[in-house]
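Text of upload07.cif (mmCIF, C-alpha atoms and all ligand atoms) as supplied:
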data_entry
loop_
_atom_site.group_PDB
_atom_site.id
_atom_site.type_symbol
_atom_site.label_atom_id
_atom_site.label_comp_id
_atom_site.auth_asym_id
_atom_site.auth_seq_id
_atom_site.Cartn_x
_atom_site.Cartn_y
_atom_site.Cartn_z
ATOM 1 C CA MET A 1 28.854 -9.441 14.672
ATOM 2 C CA LYS A 2 30.494 -8.145 11.467
ATOM 3 C CA SER A 3 28.580 -8.331 8.213
ATOM 4 C CA ASN A 4 30.132 -9.612 5.040
ATOM 5 C CA PRO A 5 30.527 -6.583 2.725
ATOM 6 C CA LEU A 6 31.311 -8.849 -0.223
ATOM 7 C CA LEU A 7 27.852 -10.351 -0.198
ATOM 8 C CA LYS A 8 25.191 -8.846 -2.494
ATOM 9 C CA PRO A 9 22.257 -7.076 -0.796
ATOM 10 C CA VAL A 10 19.637 -9.512 0.414
ATOM 11 C CA LEU A 11 15.840 -9.252 0.496
ATOM 12 C CA LEU A 12 14.453 -10.716 3.719
ATOM 13 C CA PHE A 13 10.819 -11.784 3.718
ATOM 14 C CA PHE A 14 8.221 -13.575 5.814
ATOM 15 C CA GLU A 15 6.601 -16.788 4.634
ATOM 16 C CA ASP A 16 3.191 -15.185 3.982
ATOM 17 C CA GLU A 17 4.839 -12.818 1.490
ATOM 18 C CA HIS A 18 7.032 -15.322 -0.309
ATOM 19 C CA GLU A 19 5.236 -14.830 -3.644
ATOM 20 C CA SER A 20 5.690 -11.042 -3.610
ATOM 21 C CA ALA A 21 9.272 -11.506 -2.435
ATOM 22 C CA THR A 22 9.989 -13.835 -5.345
ATOM 23 C CA ARG A 23 8.578 -11.351 -7.865
ATOM 24 C CA ILE A 24 10.549 -8.426 -6.387
ATOM 25 C CA ALA A 25 13.784 -10.418 -6.001
ATOM 26 C CA ASP A 26 13.514 -11.716 -9.573
ATOM 27 C CA ALA A 27 12.813 -8.224 -10.934
ATOM 28 C CA SER A 28 15.795 -6.789 -9.046
ATOM 29 C CA SER A 29 18.146 -9.800 -9.342
ATOM 30 C CA MET A 30 18.527 -9.795 -5.566
ATOM 31 C CA GLU A 31 19.255 -12.705 -3.295
ATOM 32 C CA ARG A 32 16.355 -13.468 -0.983
ATOM 33 C CA ALA A 33 16.114 -15.241 2.347
ATOM 34 C CA LYS A 34 13.230 -16.089 4.619
ATOM 35 C CA ILE A 35 12.846 -14.848 8.173
ATOM 36 C CA GLU A 36 11.790 -17.866 10.247
ATOM 37 C CA ARG A 37 8.957 -17.073 12.591
ATOM 38 C CA HIS A 38 7.668 -19.026 15.586
ATOM 39 C CA ARG A 39 4.602 -18.123 17.599
ATOM 40 C CA PHE A 40 4.671 -19.227 21.232
ATOM 41 C CA PRO A 41 1.459 -20.513 22.833
ATOM 42 C CA ASP A 42 1.071 -17.215 24.696
ATOM 43 C CA GLY A 43 1.123 -15.205 21.460
ATOM 44 C CA GLU A 44 4.675 -13.896 21.592
ATOM 45 C CA ILE A 45 6.760 -14.394 18.465
ATOM 46 C CA LYS A 46 10.362 -15.419 17.885
ATOM 47 C CA LEU A 47 12.204 -14.568 14.677
ATOM 48 C CA ARG A 48 15.331 -16.068 13.200
ATOM 49 C CA LEU A 49 17.285 -14.304 10.453
ATOM 50 C CA PRO A 50 20.085 -15.796 8.339
ATOM 51 C CA ASP A 51 23.193 -15.636 10.551
ATOM 52 C CA THR A 52 25.343 -14.136 7.806
ATOM 53 C CA LEU A 53 24.059 -10.899 6.364
ATOM 54 C CA PRO A 54 25.552 -8.502 3.850
ATOM 55 C CA ASP A 55 26.141 -4.824 4.524
ATOM 56 C CA ARG A 56 22.893 -3.853 2.838
ATOM 57 C CA VAL A 57 19.670 -5.555 3.846
ATOM 58 C CA VAL A 58 16.128 -5.031 2.582
ATOM 59 C CA ILE A 59 13.117 -6.198 4.583
ATOM 60 C CA LEU A 60 9.793 -6.704 2.796
ATOM 61 C CA ARG A 61 6.684 -6.276 4.951
ATOM 62 C CA THR A 62 3.444 -4.911 3.601
ATOM 63 C CA LEU A 63 1.594 -3.411 6.531
ATOM 64 C CA ASN A 64 -2.022 -4.454 6.210
ATOM 65 C CA ASP A 65 -3.120 -6.015 9.533
ATOM 66 C CA PRO A 66 -0.230 -3.989 10.903
ATOM 67 C CA ASN A 67 -0.126 -4.405 14.656
ATOM 68 C CA GLU A 68 1.825 -7.641 14.932
ATOM 69 C CA LYS A 69 3.890 -6.807 11.854
ATOM 70 C CA LEU A 70 5.198 -3.658 13.535
ATOM 71 C CA VAL A 71 6.575 -5.818 16.355
ATOM 72 C CA GLU A 72 8.087 -8.139 13.753
ATOM 73 C CA LEU A 73 9.841 -5.173 12.166
ATOM 74 C CA LEU A 74 11.147 -4.044 15.560
ATOM 75 C CA LEU A 75 12.625 -7.493 16.204
ATOM 76 C CA ALA A 76 13.891 -8.034 12.643
ATOM 77 C CA ALA A 77 15.536 -4.623 12.229
ATOM 78 C CA HIS A 78 17.381 -4.787 15.547
ATOM 79 C CA THR A 79 18.500 -8.355 14.843
ATOM 80 C CA ALA A 80 19.746 -7.413 11.374
ATOM 81 C CA ARG A 81 21.760 -4.534 12.865
ATOM 82 C CA GLY A 82 23.167 -6.914 15.482
ATOM 83 C CA LEU A 83 24.233 -9.226 12.667
ATOM 84 C CA GLY A 84 26.136 -6.361 11.079
ATOM 85 C CA ALA A 85 23.711 -4.837 8.561
ATOM 86 C CA ARG A 86 24.904 -1.296 7.959
ATOM 87 C CA HIS A 87 22.089 -0.093 5.713
ATOM 88 C CA LEU A 88 18.509 -1.239 6.195
ATOM 89 C CA THR A 89 15.694 -0.609 3.726
ATOM 90 C CA LEU A 90 12.038 -1.297 4.438
ATOM 91 C CA VAL A 91 9.845 -2.160 1.463
ATOM 92 C CA ALA A 92 6.306 -1.670 2.751
ATOM 93 C CA PRO A 93 4.109 -1.614 -0.366
ATOM 94 C CA TYR A 94 1.199 -0.704 1.939
ATOM 95 C CA LEU A 95 2.108 1.661 4.751
ATOM 96 C CA ALA A 96 -0.279 1.509 7.685
ATOM 97 C CA TYR A 97 -1.530 4.193 10.075
ATOM 98 C CA MET A 98 -1.142 7.037 7.579
ATOM 99 C CA ARG A 99 -4.780 8.148 7.699
ATOM 100 C CA GLN A 100 -4.839 9.324 11.349
ATOM 101 C CA ASP A 101 -2.702 12.382 10.667
ATOM 102 C CA ILE A 102 -4.206 14.816 13.183
ATOM 103 C CA ALA A 103 -5.999 14.549 16.508
ATOM 104 C CA PHE A 104 -9.597 14.934 15.363
ATOM 105 C CA HIS A 105 -10.628 15.034 19.047
ATOM 106 C CA PRO A 106 -8.576 16.048 22.090
ATOM 107 C CA GLY A 107 -6.491 13.146 23.385
ATOM 108 C CA GLU A 108 -6.408 11.141 20.148
ATOM 109 C CA ALA A 109 -3.110 9.561 19.131
ATOM 110 C CA ILE A 110 -1.661 11.011 15.925
ATOM 111 C CA SER A 111 -0.831 7.547 14.639
ATOM 112 C CA GLN A 112 0.824 8.704 11.416
ATOM 113 C CA ARG A 113 3.502 10.636 13.286
ATOM 114 C CA ILE A 114 4.053 7.982 15.968
ATOM 115 C CA VAL A 115 4.300 5.021 13.587
ATOM 116 C CA GLY A 116 6.348 7.110 11.140
ATOM 117 C CA GLN A 117 8.895 7.979 13.817
ATOM 118 C CA PHE A 118 8.982 4.366 14.992
ATOM 119 C CA LEU A 119 9.844 3.108 11.492
ATOM 120 C CA ALA A 120 12.316 5.936 10.890
ATOM 121 C CA GLY A 121 14.139 4.812 14.049
ATOM 122 C CA LEU A 122 14.571 1.327 12.596
ATOM 123 C CA PHE A 123 15.343 1.904 8.907
ATOM 124 C CA ASP A 124 17.636 4.046 6.750
ATOM 125 C CA ALA A 125 15.329 3.975 3.739
ATOM 126 C CA VAL A 126 11.690 3.237 3.061
ATOM 127 C CA ILE A 127 9.893 2.420 -0.189
ATOM 128 C CA THR A 128 6.125 2.467 -0.303
ATOM 129 C CA VAL A 129 3.240 2.833 -2.738
ATOM 130 C CA ASP A 130 0.488 5.461 -2.598
ATOM 131 C CA PRO A 131 0.709 6.227 1.117
ATOM 132 C CA HIS A 132 -2.350 8.081 2.343
ATOM 133 C CA LEU A 133 -0.811 11.514 2.857
ATOM 134 C CA HIS A 134 -3.542 14.068 3.166
ATOM 135 C CA ARG A 135 -2.427 16.962 5.302
ATOM 136 C CA VAL A 136 1.334 16.424 4.862
ATOM 137 C CA ALA A 137 3.077 17.100 1.575
ATOM 138 C CA THR A 138 5.846 14.485 1.647
ATOM 139 C CA LEU A 139 6.375 11.043 3.121
ATOM 140 C CA GLN A 140 9.473 12.315 4.911
ATOM 141 C CA GLU A 141 7.311 14.643 7.002
ATOM 142 C CA ALA A 142 5.399 11.634 8.283
ATOM 143 C CA LEU A 143 8.307 9.211 8.290
ATOM 144 C CA PRO A 144 11.528 11.156 8.836
ATOM 145 C CA VAL A 145 13.959 8.682 7.287
ATOM 146 C CA ALA A 146 17.086 9.566 5.265
ATOM 147 C CA ASN A 147 15.705 8.158 2.016
ATOM 148 C CA ALA A 148 11.950 7.800 1.429
ATOM 149 C CA ILE A 149 10.620 6.765 -1.973
ATOM 150 C CA VAL A 150 6.949 7.013 -2.849
ATOM 151 C CA LEU A 151 5.699 5.057 -5.834
ATOM 152 C CA SER A 152 2.224 4.973 -7.313
ATOM 153 C CA GLY A 153 0.009 2.183 -8.544
ATOM 154 C CA ALA A 154 -2.050 4.639 -10.594
ATOM 155 C CA PRO A 155 -0.034 4.430 -13.858
ATOM 156 C CA LEU A 156 -0.197 0.632 -14.059
ATOM 157 C CA LEU A 157 -3.862 0.614 -13.027
ATOM 158 C CA ALA A 158 -4.460 3.159 -15.810
ATOM 159 C CA ASP A 159 -2.805 0.817 -18.327
ATOM 160 C CA LEU A 160 -5.031 -2.014 -17.147
ATOM 161 C CA ILE A 161 -8.157 0.153 -17.426
ATOM 162 C CA ALA A 162 -7.140 1.242 -20.936
ATOM 163 C CA ALA A 163 -6.839 -2.415 -21.946
ATOM 164 C CA ARG A 164 -10.165 -3.455 -20.399
ATOM 165 C CA ARG A 165 -12.561 -0.537 -21.053
ATOM 166 C CA GLN A 166 -13.440 1.628 -24.076
ATOM 167 C CA GLN A 167 -13.221 5.373 -23.440
ATOM 168 C CA PRO A 168 -13.732 5.010 -19.692
ATOM 169 C CA LEU A 169 -14.663 7.855 -17.391
ATOM 170 C CA LEU A 170 -12.369 7.815 -14.353
ATOM 171 C CA VAL A 171 -14.055 8.966 -11.165
ATOM 172 C CA GLY A 172 -12.390 9.621 -7.818
ATOM 173 C CA PRO A 173 -14.725 8.893 -4.907
ATOM 174 C CA ASP A 174 -13.418 11.790 -2.807
ATOM 175 C CA GLU A 175 -11.261 14.900 -3.031
ATOM 176 C CA GLU A 176 -8.178 13.060 -1.748
ATOM 177 C CA SER A 177 -8.234 10.738 -4.750
ATOM 178 C CA ALA A 178 -7.732 13.676 -7.141
ATOM 179 C CA GLN A 179 -3.935 13.145 -7.186
ATOM 180 C CA TRP A 180 -4.233 9.535 -8.376
ATOM 181 C CA ILE A 181 -7.061 10.317 -10.786
ATOM 182 C CA ALA A 182 -5.016 13.070 -12.426
ATOM 183 C CA LEU A 183 -1.983 10.793 -12.736
ATOM 184 C CA ALA A 184 -3.955 7.919 -14.256
ATOM 185 C CA ALA A 185 -6.074 10.093 -16.558
ATOM 186 C CA SER A 186 -3.112 11.976 -18.026
ATOM 187 C CA ARG A 187 -1.426 8.707 -19.031
ATOM 188 C CA HIS A 188 -4.211 7.734 -21.452
ATOM 189 C CA ASP A 189 -6.061 11.008 -21.836
ATOM 190 C CA PHE A 190 -9.089 9.610 -20.005
ATOM 191 C CA ASP A 191 -12.027 11.838 -19.094
ATOM 192 C CA TYR A 192 -12.153 12.233 -15.331
ATOM 193 C CA ALA A 193 -13.986 13.790 -12.430
ATOM 194 C CA VAL A 194 -13.884 13.702 -8.645
ATOM 195 C CA CYS A 195 -16.700 13.334 -6.089
ATOM 196 C CA ARG A 196 -17.020 15.063 -2.732
ATOM 197 C CA LYS A 197 -17.295 12.893 0.368
ATOM 198 C CA VAL A 198 -18.306 13.415 3.974
ATOM 199 C CA ARG A 199 -17.483 10.570 6.342
ATOM 200 C CA ASN A 200 -19.951 10.101 9.167
ATOM 201 C CA GLY A 201 -18.526 6.876 10.603
ATOM 202 C CA ASP A 202 -16.429 3.808 9.739
ATOM 203 C CA ARG A 203 -19.140 2.496 7.424
ATOM 204 C CA ALA A 204 -21.181 5.634 6.782
ATOM 205 C CA VAL A 205 -20.269 8.057 4.006
ATOM 206 C CA ASP A 206 -22.217 10.690 2.100
ATOM 207 C CA ILE A 207 -21.057 11.322 -1.444
ATOM 208 C CA ALA A 208 -21.917 14.076 -3.906
ATOM 209 C CA LEU A 209 -21.324 13.193 -7.568
ATOM 210 C CA PRO A 210 -19.311 15.570 -9.743
ATOM 211 C CA ASP A 211 -21.124 17.847 -12.118
ATOM 212 C CA CYS A 212 -20.596 15.834 -15.319
ATOM 213 C CA THR A 213 -22.629 13.524 -17.526
ATOM 214 C CA VAL A 214 -22.242 9.874 -16.669
ATOM 215 C CA THR A 215 -25.141 8.530 -18.740
ATOM 216 C CA GLY A 216 -24.023 5.583 -20.832
ATOM 217 C CA ARG A 217 -20.392 5.852 -19.650
ATOM 218 C CA GLN A 218 -18.166 3.004 -18.567
ATOM 219 C CA VAL A 219 -17.087 4.424 -15.219
ATOM 220 C CA VAL A 220 -14.055 3.255 -13.272
ATOM 221 C CA LEU A 221 -13.741 4.395 -9.667
ATOM 222 C CA LEU A 222 -10.052 4.769 -8.832
ATOM 223 C CA ASP A 223 -8.678 5.261 -5.322
ATOM 224 C CA ASP A 224 -5.621 4.480 -3.216
ATOM 225 C CA VAL A 225 -7.451 2.087 -0.942
ATOM 226 C CA ALA A 226 -10.762 0.440 -0.266
ATOM 227 C CA SER A 227 -11.162 -0.707 3.322
ATOM 228 C CA THR A 228 -14.783 -1.415 4.257
ATOM 229 C CA GLY A 229 -15.732 -0.779 0.614
ATOM 230 C CA HIS A 230 -18.478 1.651 1.595
ATOM 231 C CA THR A 231 -16.882 4.665 -0.119
ATOM 232 C CA VAL A 232 -16.752 3.065 -3.556
ATOM 233 C CA ALA A 233 -20.057 1.243 -2.978
ATOM 234 C CA ARG A 234 -21.894 4.496 -2.237
ATOM 235 C CA ALA A 235 -20.298 6.222 -5.235
ATOM 236 C CA ALA A 236 -21.154 3.269 -7.504
ATOM 237 C CA HIS A 237 -24.753 3.270 -6.345
ATOM 238 C CA LEU A 238 -25.128 6.962 -7.199
ATOM 239 C CA LEU A 239 -23.343 6.612 -10.547
ATOM 240 C CA LEU A 240 -25.549 3.712 -11.656
ATOM 241 C CA ASP A 241 -28.655 5.629 -10.529
ATOM 242 C CA ALA A 242 -27.401 8.538 -12.641
ATOM 243 C CA GLY A 243 -27.258 6.323 -15.740
ATOM 244 C CA ALA A 244 -23.684 4.982 -15.870
ATOM 245 C CA ALA A 245 -23.487 1.928 -18.155
ATOM 246 C CA SER A 246 -21.115 0.148 -15.776
ATOM 247 C CA VAL A 247 -19.016 0.856 -12.716
ATOM 248 C CA ASP A 248 -15.756 -0.963 -11.982
ATOM 249 C CA VAL A 249 -13.229 -0.300 -9.244
ATOM 250 C CA ALA A 250 -9.438 -0.010 -9.365
ATOM 251 C CA VAL A 251 -7.476 0.458 -6.144
ATOM 252 C CA THR A 252 -3.817 0.279 -5.228
ATOM 253 C CA HIS A 253 -4.434 -1.337 -1.853
ATOM 254 C CA ALA A 254 -7.010 -4.111 -1.457
ATOM 255 C CA LEU A 255 -7.470 -3.849 2.307
ATOM 256 C CA PHE A 256 -11.015 -5.191 1.939
ATOM 257 C CA ALA A 257 -11.916 -5.589 5.598
ATOM 258 C CA GLY A 258 -14.618 -8.131 6.452
ATOM 259 C CA ASP A 259 -17.390 -8.233 3.861
ATOM 260 C CA ALA A 260 -15.992 -5.332 1.784
ATOM 261 C CA LEU A 261 -15.946 -7.242 -1.495
ATOM 262 C CA GLN A 262 -19.582 -8.281 -1.066
ATOM 263 C CA VAL A 263 -20.537 -4.689 -0.165
ATOM 264 C CA MET A 264 -18.987 -3.563 -3.456
ATOM 265 C CA LEU A 265 -20.640 -6.271 -5.544
ATOM 266 C CA ASP A 266 -24.027 -5.649 -3.859
ATOM 267 C CA ALA A 267 -23.731 -1.986 -4.942
ATOM 268 C CA GLY A 268 -23.612 -3.094 -8.579
ATOM 269 C CA ILE A 269 -19.860 -2.823 -9.092
ATOM 270 C CA GLY A 270 -18.806 -5.072 -11.980
ATOM 271 C CA GLU A 271 -15.109 -5.803 -11.619
ATOM 272 C CA VAL A 272 -12.637 -4.989 -8.870
ATOM 273 C CA TRP A 273 -8.950 -4.637 -9.787
ATOM 274 C CA SER A 274 -6.050 -4.052 -7.414
ATOM 275 C CA THR A 275 -2.270 -4.042 -7.385
ATOM 276 C CA ASP A 276 -0.368 -6.773 -5.550
ATOM 277 C CA CYS A 277 0.741 -4.381 -2.779
ATOM 278 C CA ILE A 278 -1.592 -6.477 -0.616
ATOM 279 C CA THR A 279 -2.146 -10.028 -1.779
ATOM 280 C CA HIS A 280 -5.804 -10.540 -2.745
ATOM 281 C CA SER A 281 -7.777 -12.421 -5.378
ATOM 282 C CA SER A 282 -8.521 -9.062 -7.061
ATOM 283 C CA ASN A 283 -4.797 -8.455 -7.799
ATOM 284 C CA ALA A 284 -4.499 -7.600 -11.490
ATOM 285 C CA VAL A 285 -1.322 -5.529 -11.563
ATOM 286 C CA SER A 286 2.142 -6.339 -10.192
ATOM 287 C CA MET A 287 4.258 -3.586 -8.668
ATOM 288 C CA ALA A 288 7.401 -5.783 -8.622
ATOM 289 C CA THR A 289 9.239 -4.064 -11.478
ATOM 290 C CA THR A 290 8.428 -0.610 -10.124
ATOM 291 C CA LEU A 291 9.599 -1.603 -6.626
ATOM 292 C CA ALA A 292 12.761 -3.123 -8.108
ATOM 293 C CA GLY A 293 13.535 0.199 -9.824
ATOM 294 C CA ALA A 294 13.254 2.023 -6.491
ATOM 295 C CA LEU A 295 15.444 -0.581 -4.809
ATOM 296 C CA ALA A 296 18.115 -0.073 -7.467
ATOM 297 C CA GLN A 297 17.975 3.668 -6.813
ATOM 298 C CA ILE A 298 18.505 3.142 -3.077
ATOM 299 C CA GLN A 299 21.229 0.544 -3.496
ATOM 300 C CA ALA A 300 23.109 2.911 -5.823
ATOM 301 C CA THR A 301 23.339 5.523 -3.059
ATOM 302 C CA ALA A 302 23.559 3.340 0.093
HETATM 303 C C1 LIG B 401 -9.766 7.804 2.271
HETATM 304 O O1 LIG B 401 -9.965 8.930 1.928
HETATM 305 C C2 LIG B 401 -9.337 6.751 1.311
HETATM 306 O O2 LIG B 401 -8.836 7.275 0.134
HETATM 307 C C3 LIG B 401 -10.457 5.799 0.993
HETATM 308 O O3 LIG B 401 -11.453 6.475 0.244
HETATM 309 C C4 LIG B 401 -11.069 5.245 2.243
HETATM 310 O O4 LIG B 401 -10.081 4.839 3.130
HETATM 311 C C5 LIG B 401 -11.945 4.081 1.884
HETATM 312 O O5 LIG B 401 -12.463 3.560 3.051
HETATM 313 P P1 LIG B 401 -13.725 2.618 3.027
HETATM 314 O O6 LIG B 401 -13.495 1.579 1.967
HETATM 315 O O7 LIG B 401 -13.760 2.028 4.413
HETATM 316 O O8 LIG B 401 -14.918 3.469 2.767
#
Let's see the structure in the file written out as structure tokens.
Ligand code: R5P
Amino acid sequence: MKSNPLLKPVLLFFEDEHESATRIADASSMERAKIERHRFPDGEIKLRLPDTLPDRVVILRTLNDPNEKLVELLLAAHTARGLGARHLTLVAPYLAYMRQDIAFHPGEAISQRIVGQFLAGLFDAVITVDPHLHRVATLQEALPVANAIVLSGAPLLADLIAARRQQPLLVGPDEESAQWIALAASRHDFDYAVCRKVRNGDRAVDIALPDCTVTGRQVVLLDDVASTGHTVARAAHLLLDAGAASVDVAVTHALFAGDALQVMLDAGIGEVWSTDCITHSSNAVSMATTLAGALAQIQATA
């Protein structure tokens, strides 16, 4: 089927993300339309897209709880192409499967590469926020798509921290967080430091505090993601033992699996702030305007 090139680009979304879609569409003055989704009794899903699509289509799907959503993207992207979409952009504020970037043991799937290639086969452009890239330098290495834009939640989280805490000390719970800590700290000239972490299991981490004085400081732990919450919980426990006046947490992605929030609160963490990349009651910062800016950049070149 031929698309209608006269139509403005459209943002397609799923019902569970209608609030994020509204914020992004409003910030970018885009049309939006819902993808209808039906689940059959046996668990299979059926999607229905608008039957008239413009040349340029954007699909919003944040990829927490990713397994079923990856099948949705497979179905939605192919259907959009069949309906004539010439240029497809994925907005995945949270990009899943980025942490398994090597085979730690023989025979392990390198999920980052496999999922990255899968998405690159479906989309022309991808926009995401703070993807967990550790051993690769650019998103395009993991997700070889023509146009890949990486945004960060760190600047807006830094603004929030500056508004809520006096002379905070930013602490990264592990070496990988150094990039986000540096970005956030430079924006407001915060003091900062980074811990060292050894992971012994899904819920078992050892942390060594940085060599700096935390006594009496309002500490904010900043990271890309909290999943089980044990990383920030362990760091908070040590910081409070070392004399920190308070410990709060700011993360881009509130994955918060199972009892993660309780684990964090039980460790003495005061407040937990996150961006709206994943919808959660801790959301304190909206990425809509930032995402809209990236969309404008892509639409200008598509
Ligand atoms: C990994 O290095 C990430 O930046 C996070 O520190 C990690 O994923 C947090 O996981 P969890 O909350 O399960 O300890």
Selection near Pro168 (chain A), 9 Å with only C-alpha atoms, sequence-local residues under 3 positions removed, as a list of chain:residue names: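 Close residues of Pro168 (chain A): A:Ile161, A:Ala162, A:Arg165, A:Phe190, A:Asp191, A:Tyr192, A:Arg217, A:Gln218, A:Val219, A:Val220.
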Store the residues of this selection in a file with C-alpha atoms, as a PDB file, in the frame of the given file.
ATOM      1  CA  ILE A 161      -8.157   0.153 -17.426  1.00  0.00           C
ATOM      2  CA  ALA A 162      -7.140   1.242 -20.936  1.00  0.00           C
ATOM      3  CA  ARG A 165     -12.561  -0.537 -21.053  1.00  0.00           C
ATOM      4  CA  PHE A 190      -9.089   9.610 -20.005  1.00  0.00           C
ATOM      5  CA  ASP A 191     -12.027  11.838 -19.094  1.00  0.00           C
ATOM      6  CA  TYR A 192     -12.153  12.233 -15.331  1.00  0.00           C
ATOM      7  CA  ARG A 217     -20.392   5.852 -19.650  1.00  0.00           C
ATOM      8  CA  GLN A 218     -18.166   3.004 -18.567  1.00  0.00           C
ATOM      9  CA  VAL A 219     -17.087   4.424 -15.219  1.00  0.00           C
ATOM     10  CA  VAL A 220     -14.055   3.255 -13.272  1.00  0.00           C
TER      11      VAL A 220
END
Picked residues, the PyMOL selection byres (((chain A and resi 42-57) around 6) and not hetatm), as a compact mmCIF listing (two decimals) with C-alpha atoms, in the coordinates of the input:
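out.txt, freshly written:
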# COMPACT_ATOMS: atom_id res chain seq x y z
CA SER A 3 28.58 -8.33 8.21
CA ASN A 4 30.13 -9.61 5.04
CA PRO A 5 30.53 -6.58 2.72
CA LEU A 7 27.85 -10.35 -0.20
CA PRO A 9 22.26 -7.08 -0.80
CA VAL A 10 19.64 -9.51 0.41
CA ILE A 35 12.85 -14.85 8.17
CA GLU A 36 11.79 -17.87 10.25
CA ARG A 37 8.96 -17.07 12.59
CA HIS A 38 7.67 -19.03 15.59
CA ARG A 39 4.60 -18.12 17.60
CA PHE A 40 4.67 -19.23 21.23
CA PRO A 41 1.46 -20.51 22.83
CA VAL A 58 16.13 -5.03 2.58
CA ALA A 85 23.71 -4.84 8.56
CA ARG A 86 24.90 -1.30 7.96
CA HIS A 87 22.09 -0.09 5.71
CA LEU A 88 18.51 -1.24 6.20
Test item: residues no farther than 7 Å from ligand LIG 401 (chain B), counting all atoms listed in the file, as a list of chain:residue names: A:His132, A:Pro173, A:Asp174, A:Glu176, A:Ser177, A:Asp202, A:Arg203, A:Asp223, A:Asp224, A:Val225, A:Ala226, A:Ser227, A:Thr228, A:Gly229, A:His230, A:Thr231, A:Val232
Nearest-residue call for Asp206 (chain A), choices A:Ala178, A:Leu222, A:Ile114, A:Leu238, using only C-alpha atoms: A:Leu238
Selection: 12 Å around Trp180 (chain A), only C-alpha atoms, excl. self and same-chain fewer than 6 positions, as a PyMOL selection string: chain A and resi 129-133+151-158+170-174+186-187+192-194+221-225+250-252
Expected selection from the PyMOL selection byres (((chain A and resi 19-32) around 10) and not hetatm), given as a ChimeraX atom specification: /A:7-18,33-35,57-62,276-279,286-296
